[in-house]
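coords-v8.cif (mmCIF, C-alpha atoms)
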```
data_final
#
loop_
_atom_site.label_atom_id
_atom_site.label_comp_id
_atom_site.auth_asym_id
_atom_site.auth_seq_id
_atom_site.Cartn_x
_atom_site.Cartn_y
_atom_site.Cartn_z
CA MET V 1 -40.15 62.77 12.01
CA ARG V 2 -38.70 62.83 8.51
CA ILE V 3 -36.80 59.87 7.03
CA SER V 4 -34.28 60.54 4.30
CA VAL V 5 -34.99 58.41 1.22
CA ALA V 6 -31.34 58.68 0.20
CA GLY V 7 -30.22 57.48 3.64
CA LEU V 8 -32.64 54.56 3.54
CA SER V 9 -31.45 53.54 0.06
CA TYR V 10 -27.84 53.68 1.19
CA LYS V 11 -28.55 51.43 4.19
CA LEU V 12 -30.46 48.98 2.00
CA ILE V 13 -27.62 48.78 -0.53
CA LYS V 14 -25.09 48.33 2.27
CA ARG V 15 -27.14 45.51 3.82
CA THR V 16 -27.57 43.81 0.43
CA LEU V 17 -23.84 43.94 -0.24
CA ALA V 18 -23.12 42.54 3.20
CA MET V 19 -25.45 39.59 2.57
CA LYS V 20 -23.89 38.92 -0.81
CA TYR V 21 -20.44 38.99 0.80
CA PHE V 22 -21.63 36.56 3.49
CA TRP V 23 -23.00 34.04 1.01
CA LEU V 24 -19.96 34.32 -1.26
CA THR V 25 -17.67 33.66 1.72
CA PHE V 26 -19.86 30.73 2.80
CA LEU V 27 -19.73 29.16 -0.66
CA LEU V 28 -15.98 29.64 -0.96
CA LEU V 29 -15.37 28.09 2.45
CA ASN V 30 -17.52 25.09 1.61
CA SER V 31 -15.81 24.70 -1.77
CA SER V 32 -12.43 24.71 -0.01
CA ILE V 33 -13.64 22.08 2.43
CA CYS V 34 -14.81 19.86 -0.45
CA LEU V 35 -11.54 20.31 -2.35
CA ALA V 36 -9.49 19.62 0.80
CA GLN V 37 -11.36 16.42 1.66
CA SER V 38 -8.72 13.85 2.51
CA ALA V 39 -8.08 10.34 3.75
CA THR V 40 -5.16 8.57 5.40
CA VAL V 41 -4.26 5.25 3.80
CA ALA V 42 -1.98 2.51 5.18
CA VAL V 43 -0.43 0.55 2.31
CA ALA V 44 1.73 -2.58 2.51
CA SER V 45 5.21 -1.81 1.17
CA ASN V 46 5.07 -4.45 -1.58
CA MET V 47 2.43 -2.22 -3.18
CA LYS V 48 4.52 0.96 -3.27
CA ASP V 49 5.11 1.31 -7.01
CA ALA V 50 1.80 -0.18 -8.08
CA PHE V 51 -0.18 1.95 -5.65
CA SER V 52 1.66 5.12 -6.69
CA GLU V 53 0.30 4.59 -10.20
CA ILE V 54 -3.16 3.74 -8.93
CA GLN V 55 -3.16 6.85 -6.74
CA ALA V 56 -2.14 9.05 -9.67
CA VAL V 57 -5.05 7.81 -11.80
CA PHE V 58 -7.52 8.01 -8.91
CA THR V 59 -6.65 11.56 -7.85
CA VAL V 60 -6.98 12.94 -11.39
CA SER V 61 -10.73 12.37 -11.31
CA ALA V 62 -11.34 12.46 -7.55
CA LYS V 63 -9.37 15.70 -6.81
CA THR V 64 -8.60 14.54 -3.29
CA ASP V 65 -5.71 14.79 -0.88
CA LEU V 66 -4.51 11.32 0.10
CA LYS V 67 -2.00 10.84 2.88
CA VAL V 68 -0.33 7.52 2.07
CA ILE V 69 1.96 5.68 4.50
CA TYR V 70 3.88 2.53 3.50
CA GLY V 71 5.02 -0.16 5.90
CA SER V 72 4.53 -3.71 7.14
CA SER V 73 1.03 -5.12 7.54
CA GLY V 74 1.76 -6.35 11.05
CA ASN V 75 2.91 -2.94 12.26
CA PHE V 76 -0.11 -1.23 10.72
CA THR V 77 -2.45 -3.70 12.41
CA ARG V 78 -0.90 -3.02 15.81
CA GLN V 79 -1.10 0.74 15.23
CA ILE V 80 -4.77 0.59 14.21
CA MET V 81 -5.58 -1.54 17.25
CA ASN V 82 -3.97 1.21 19.35
CA GLY V 83 -6.06 3.95 17.73
CA ALA V 84 -4.00 5.10 14.73
CA PRO V 85 -6.29 7.24 12.52
CA PHE V 86 -6.12 5.29 9.26
CA ASP V 87 -9.19 5.28 7.03
CA LEU V 88 -8.25 2.47 4.64
CA PHE V 89 -5.81 -0.41 5.20
CA ILE V 90 -4.41 -2.03 2.03
CA SER V 91 -2.69 -5.09 3.44
CA ALA V 92 -0.21 -7.64 2.07
CA ASP V 93 -2.28 -10.57 3.35
CA GLU V 94 -5.62 -11.56 4.87
CA GLN V 95 -4.57 -12.46 8.40
CA PHE V 96 -3.90 -8.92 9.60
CA PRO V 97 -6.99 -7.15 8.20
CA LEU V 98 -9.23 -10.01 9.35
CA ALA V 99 -7.84 -9.55 12.88
CA LEU V 100 -9.11 -5.96 12.71
CA VAL V 101 -12.48 -7.22 11.49
CA LYS V 102 -12.66 -9.57 14.47
CA ASN V 103 -11.91 -6.71 16.84
CA GLY V 104 -14.65 -4.50 15.43
CA LYS V 105 -12.39 -1.87 13.86
CA THR V 106 -13.71 -2.11 10.30
CA ILE V 107 -16.92 -1.45 8.37
CA ASP V 108 -17.01 -5.05 7.10
CA SER V 109 -14.64 -7.86 6.07
CA GLY V 110 -13.34 -5.94 3.07
CA ALA V 111 -12.17 -7.49 -0.19
CA VAL V 112 -9.19 -9.33 -1.67
CA TYR V 113 -7.78 -6.99 -4.31
CA ALA V 114 -4.61 -8.87 -5.42
CA ILE V 115 -2.58 -12.09 -5.09
CA GLY V 116 1.14 -11.53 -4.57
CA LYS V 117 4.18 -13.59 -5.59
CA ILE V 118 7.70 -13.91 -4.18
CA VAL V 119 11.04 -13.85 -5.99
CA LEU V 120 14.69 -14.38 -5.22
CA LEU V 121 16.61 -11.21 -6.04
CA THR V 122 20.26 -10.35 -6.65
CA LYS V 123 22.20 -7.44 -8.15
CA LYS V 124 23.26 -7.84 -11.78
CA SER V 125 26.79 -6.88 -10.74
CA SER V 126 26.97 -9.77 -8.23
CA GLY V 127 27.61 -12.37 -10.92
CA ILE V 128 25.20 -14.77 -9.18
CA ALA V 129 23.19 -16.93 -11.58
CA LEU V 130 19.71 -17.71 -10.26
CA LYS V 131 18.29 -21.08 -11.30
CA SER V 132 15.17 -22.78 -10.01
CA ASN V 133 16.39 -26.33 -9.35
CA GLN V 134 17.06 -27.27 -5.76
CA GLY V 135 20.74 -28.07 -6.23
CA ASP V 136 21.57 -24.71 -7.79
CA LEU V 137 19.56 -22.81 -5.20
CA ALA V 138 21.29 -24.68 -2.38
CA SER V 139 24.65 -23.75 -3.90
CA VAL V 140 23.70 -20.07 -4.21
CA LEU V 141 22.47 -19.90 -0.61
CA SER V 142 25.55 -21.71 0.67
CA LYS V 143 27.90 -19.24 -1.02
CA ALA V 144 25.99 -16.12 0.04
CA ASN V 145 27.29 -14.18 3.02
CA LYS V 146 23.93 -12.55 3.79
CA ILE V 147 20.39 -13.32 2.65
CA ALA V 148 17.73 -10.62 3.03
CA MET V 149 14.07 -11.13 3.84
CA ALA V 150 11.23 -9.31 5.60
CA LYS V 151 10.44 -10.14 9.22
CA PRO V 152 8.01 -13.07 8.97
CA GLU V 153 6.06 -12.16 12.11
CA ILE V 154 4.95 -8.80 10.69
CA ALA V 155 5.45 -9.12 6.91
CA PRO V 156 3.50 -11.75 4.92
CA TYR V 157 6.14 -11.92 2.19
CA GLY V 158 8.74 -12.88 4.79
CA HIS V 159 6.45 -15.64 6.05
CA ALA V 160 6.00 -16.92 2.49
CA ALA V 161 9.79 -16.97 1.99
CA ILE V 162 10.21 -19.25 5.02
CA GLU V 163 7.48 -21.57 3.74
CA TYR V 164 9.27 -21.77 0.39
CA MET V 165 12.69 -22.50 1.92
CA GLN V 166 11.24 -25.18 4.18
CA ALA V 167 9.44 -26.82 1.25
CA MET V 168 12.68 -26.83 -0.77
CA ASN V 169 14.76 -28.12 2.20
CA LEU V 170 16.83 -24.91 2.10
CA TRP V 171 15.97 -23.53 5.54
CA ASN V 172 18.91 -25.05 7.40
CA ILE V 173 21.31 -23.65 4.80
CA ALA V 174 19.88 -20.13 4.92
CA LYS V 175 18.74 -19.50 8.49
CA SER V 176 22.10 -18.46 9.96
CA LYS V 177 22.70 -15.96 7.12
CA LEU V 178 19.39 -14.14 7.21
CA VAL V 179 19.15 -10.38 7.72
CA TYR V 180 15.66 -9.04 8.35
CA GLY V 181 13.96 -5.88 7.14
CA ASP V 182 10.88 -4.46 8.87
CA ASN V 183 9.06 -4.79 5.56
CA ILE V 184 9.66 -6.19 2.09
CA SER V 185 10.87 -2.83 0.73
CA VAL V 186 13.64 -2.69 3.33
CA ALA V 187 14.64 -6.29 2.59
CA THR V 188 14.79 -5.42 -1.11
CA MET V 189 16.92 -2.36 -0.35
CA PHE V 190 19.42 -4.62 1.44
CA VAL V 191 19.99 -6.36 -1.92
CA THR V 192 20.06 -3.25 -4.12
CA SER V 193 22.51 -1.53 -1.76
CA GLY V 194 24.80 -4.57 -1.66
CA ALA V 195 24.26 -5.16 2.07
CA ALA V 196 23.01 -8.66 1.19
CA ASP V 197 24.14 -10.88 -1.69
CA ILE V 198 20.63 -12.14 -2.40
CA GLY V 199 17.20 -11.69 -0.91
CA PHE V 200 13.56 -12.67 -1.01
CA SER V 201 11.37 -9.94 -2.43
CA ALA V 202 7.96 -9.32 -3.99
CA LEU V 203 7.56 -9.70 -7.74
CA SER V 204 5.83 -6.32 -7.77
CA LEU V 205 8.98 -4.65 -6.41
CA ALA V 206 11.30 -6.62 -8.69
CA LYS V 207 9.29 -5.29 -11.64
CA SER V 208 9.68 -1.71 -10.49
CA PRO V 209 11.67 0.12 -13.23
CA ALA V 210 14.33 1.39 -10.81
CA ILE V 211 14.91 -2.04 -9.23
CA GLU V 212 14.57 -4.03 -12.46
CA LYS V 213 17.32 -1.92 -14.00
CA GLU V 214 19.97 -3.13 -11.55
CA THR V 215 18.81 -6.58 -10.41
CA ASP V 216 17.94 -10.04 -11.68
CA TYR V 217 15.14 -12.08 -10.16
CA LEU V 218 13.86 -15.63 -10.12
CA LEU V 219 10.10 -16.13 -9.77
CA LEU V 220 9.60 -18.84 -7.15
CA ASP V 221 7.17 -21.75 -7.40
CA GLU V 222 3.82 -20.52 -6.07
CA SER V 223 2.74 -24.03 -5.11
CA LEU V 224 5.43 -24.12 -2.39
CA TYR V 225 3.92 -21.41 -0.20
CA GLN V 226 0.42 -20.41 0.81
CA PRO V 227 -1.24 -18.00 -1.65
CA ILE V 228 -0.55 -14.39 -0.67
CA LEU V 229 -4.12 -13.09 -0.75
CA GLN V 230 -3.94 -9.34 -0.21
CA ARG V 231 -7.04 -7.89 1.46
CA MET V 232 -8.09 -4.30 2.09
CA VAL V 233 -10.52 -3.03 4.73
CA LEU V 234 -12.23 0.28 5.48
CA MET V 235 -12.13 1.53 9.04
CA LYS V 236 -15.32 2.57 10.82
CA GLY V 237 -16.10 6.21 10.13
CA ALA V 238 -14.01 6.27 6.93
CA PRO V 239 -14.76 9.38 4.80
CA SER V 240 -16.26 9.12 1.32
CA VAL V 241 -12.82 9.65 -0.23
CA ALA V 242 -11.58 6.40 1.34
CA VAL V 243 -14.74 4.57 0.26
CA ASN V 244 -14.29 5.81 -3.32
CA LEU V 245 -10.64 4.68 -3.32
CA TYR V 246 -11.66 1.27 -1.94
CA GLN V 247 -14.11 0.91 -4.83
CA PHE V 248 -11.56 2.19 -7.37
CA MET V 249 -9.07 -0.47 -6.21
CA GLN V 250 -11.50 -3.05 -7.60
CA SER V 251 -11.96 -1.29 -10.95
CA ALA V 252 -10.64 -2.43 -14.33
CA GLN V 253 -8.15 0.48 -14.34
CA ALA V 254 -6.63 -0.50 -11.01
CA LYS V 255 -6.55 -4.20 -11.93
CA ALA V 256 -4.65 -3.40 -15.13
CA ILE V 257 -1.96 -1.65 -13.08
CA LEU V 258 -1.77 -4.54 -10.60
CA LEU V 259 -1.35 -7.03 -13.46
CA LYS V 260 1.43 -4.85 -14.89
CA TYR V 261 3.35 -5.29 -11.62
CA GLY V 262 3.00 -9.06 -11.62
CA TYR V 263 0.03 -9.52 -9.28
CA SER V 264 -2.84 -11.82 -10.03
CA VAL V 265 -6.26 -10.26 -9.46
CA PRO V 266 -9.59 -11.73 -8.35
CA GLN V 267 -12.14 -12.27 -11.10
#
```
How would this structure read if it were set down as structure tokens?
Amino acid sequence: MRISVAGLSYKLIKRTLAMKYFWLTFLLLNSSICLAQSATVAVASNMKDAFSEIQAVFTVSAKTDLKVIYGSSGNFTRQIMNGAPFDLFISADEQFPLALVKNGKTIDSGAVYAIGKIVLLTKKSSGIALKSNQGDLASVLSKANKIAMAKPEIAPYGHAAIEYMQAMNLWNIAKSKLVYGDNISVATMFVTSGAADIGFSALSLAKSPAIEKETDYLLLDESLYQPILQRMVLMKGAPSVAVNLYQFMQSAQAKAILLKYGYSVPQ
């Protein structure tokens, strides 16, 4: 039996090319998987502008695909308890993430990344002058038709607003005029849209360029409400992208952005 050398060479070349094609395809597929690595992040709405900047800096170096959803900390906690596939929860307080820790949903107890502050907000065009003494505040609240705030049972900034009003003996004046947003961003929108004359908001949102342009705000006395310690937690099984973001949130770069938006940061 005679074997053609030319035929054998052709088969060998064909097999070699096929193997090269296989390994090239394998490498390309794995590169695509690496580049497409993603994480889903739940972020409290008071962090919207600050986190957008943090995300932009983080993704430049990390080359990741982050799916970011903003909302109230209470709603996120309920969703995670019911199986929502979030990888990292960046909350507006400690109570909600620590409830997830207690129920075994997280890797550990997480970390406090920022301390928030509340403000009283009004549109520049309203003509309302915001002053910090009790008499002037009582007068402003009395004259207002509607006062916006976030729902206190699901939004920590709404809870802080109630603590402040009670400490200043303003609760009885304001309570019948309150309109509630599901989160602090919605409550802020009530003011910027004119649906409410004044409202309680987060300093971080008041310092947002778009909101600052059309509103005035009064920073409220931090000693009159419990510190708004904002904690973040990683969920069990979180991918490396989420872990890297969690670590980046504690970096000097991220802290500089948080300070820019009026937060205090842990030392």
Practice problem: Compare V:Ala39, V:Ile198, V:Val243, V:Met149 by their minimum atom-to-atom distance to V:Lys124, counting all atoms listed in the file, and give me the closest one. | Solution: V:Ile198
Quiz item: Using all atoms listed in the file, which residues sit within 6 Å of V:Asn183 once same-chain residues fewer than 3 positions away are excluded, as a VMD selection string?
Solution: chain V and resid 72 150 155 186
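Among the candidates V:Asp182, V:Asp136, V:Asp221, V:Asp197, the residue lying nearest to V:Pro152 is V:Asp182 (atoms considered: all atoms listed in the file).
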Quiz item: What does the distance between atom CA of V:Tyr263 and atom CA of V:Ala92 come to in Å, to one decimal place?
Solution: 11.5 Å
Would you kindly translate the PyMOL selection byres ((chain V and resi 41) around 9) into the concrete residues it picks from this file, as a PDB file with C-alpha atoms, in the coordinates of the input?
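To be explicit, this is the file written out as selection16.pdb:
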```
ATOM      1  CA  ALA V  39      -8.080  10.340   3.750  1.00  0.00           C
ATOM      2  CA  THR V  40      -5.160   8.570   5.400  1.00  0.00           C
ATOM      3  CA  ALA V  42      -1.980   2.510   5.180  1.00  0.00           C
ATOM      4  CA  VAL V  43      -0.430   0.550   2.310  1.00  0.00           C
ATOM      5  CA  LEU V  66      -4.510  11.320   0.100  1.00  0.00           C
ATOM      6  CA  LYS V  67      -2.000  10.840   2.880  1.00  0.00           C
ATOM      7  CA  VAL V  68      -0.330   7.520   2.070  1.00  0.00           C
ATOM      8  CA  ILE V  69       1.960   5.680   4.500  1.00  0.00           C
ATOM      9  CA  TYR V  70       3.880   2.530   3.500  1.00  0.00           C
ATOM     10  CA  PHE V  86      -6.120   5.290   9.260  1.00  0.00           C
ATOM     11  CA  ASP V  87      -9.190   5.280   7.030  1.00  0.00           C
ATOM     12  CA  LEU V  88      -8.250   2.470   4.640  1.00  0.00           C
ATOM     13  CA  PHE V  89      -5.810  -0.410   5.200  1.00  0.00           C
ATOM     14  CA  ILE V  90      -4.410  -2.030   2.030  1.00  0.00           C
ATOM     15  CA  ALA V 242     -11.580   6.400   1.340  1.00  0.00           C
TER      16      ALA V 242
END
```
List the residues sitting within 12 Å of (11.7, -1.7, 2.1) in the file's frame, using all atoms listed in the file, as an mmCIF file with C-alpha atoms, in the frame of the given file.
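The resulting file, part12.cif, is shown below:
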```cif
data_model
loop_
_atom_site.group_PDB
_atom_site.id
_atom_site.type_symbol
_atom_site.label_atom_id
_atom_site.label_comp_id
_atom_site.auth_asym_id
_atom_site.auth_seq_id
_atom_site.Cartn_x
_atom_site.Cartn_y
_atom_site.Cartn_z
ATOM 1 C CA ALA V 44 1.730 -2.580 2.510
ATOM 2 C CA SER V 45 5.210 -1.810 1.170
ATOM 3 C CA ASN V 46 5.070 -4.450 -1.580
ATOM 4 C CA MET V 47 2.430 -2.220 -3.180
ATOM 5 C CA LYS V 48 4.520 0.960 -3.270
ATOM 6 C CA ASP V 49 5.110 1.310 -7.010
ATOM 7 C CA TYR V 70 3.880 2.530 3.500
ATOM 8 C CA GLY V 71 5.020 -0.160 5.900
ATOM 9 C CA SER V 72 4.530 -3.710 7.140
ATOM 10 C CA ALA V 148 17.730 -10.620 3.030
ATOM 11 C CA MET V 149 14.070 -11.130 3.840
ATOM 12 C CA ALA V 150 11.230 -9.310 5.600
ATOM 13 C CA LYS V 151 10.440 -10.140 9.220
ATOM 14 C CA ALA V 155 5.450 -9.120 6.910
ATOM 15 C CA TYR V 157 6.140 -11.920 2.190
ATOM 16 C CA GLY V 158 8.740 -12.880 4.790
ATOM 17 C CA TYR V 180 15.660 -9.040 8.350
ATOM 18 C CA GLY V 181 13.960 -5.880 7.140
ATOM 19 C CA ASP V 182 10.880 -4.460 8.870
ATOM 20 C CA ASN V 183 9.060 -4.790 5.560
ATOM 21 C CA ILE V 184 9.660 -6.190 2.090
ATOM 22 C CA SER V 185 10.870 -2.830 0.730
ATOM 23 C CA VAL V 186 13.640 -2.690 3.330
ATOM 24 C CA ALA V 187 14.640 -6.290 2.590
ATOM 25 C CA THR V 188 14.790 -5.420 -1.110
ATOM 26 C CA MET V 189 16.920 -2.360 -0.350
ATOM 27 C CA PHE V 190 19.420 -4.620 1.440
ATOM 28 C CA VAL V 191 19.990 -6.360 -1.920
ATOM 29 C CA THR V 192 20.060 -3.250 -4.120
ATOM 30 C CA SER V 193 22.510 -1.530 -1.760
ATOM 31 C CA GLY V 199 17.200 -11.690 -0.910
ATOM 32 C CA PHE V 200 13.560 -12.670 -1.010
ATOM 33 C CA SER V 201 11.370 -9.940 -2.430
ATOM 34 C CA ALA V 202 7.960 -9.320 -3.990
ATOM 35 C CA LEU V 205 8.980 -4.650 -6.410
ATOM 36 C CA ALA V 206 11.300 -6.620 -8.690
ATOM 37 C CA ILE V 211 14.910 -2.040 -9.230
#
```
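Nearest residue to V:Leu234, choosing from V:Ser38, V:Val101, V:Thr64, V:Phe96 and counting only C-alpha atoms: V:Val101.
Nearest to V:Ser126 of all the residues V:Asn103, V:Asn172, V:Thr215, V:Gln247 is V:Thr215, based on only C-alpha atoms.
The shortest atom-to-atom distance to V:Tyr113, with only C-alpha atoms taken into account, belongs to V:Arg231 out of V:Lys260, V:Lys146, V:Lys236, V:Arg231.
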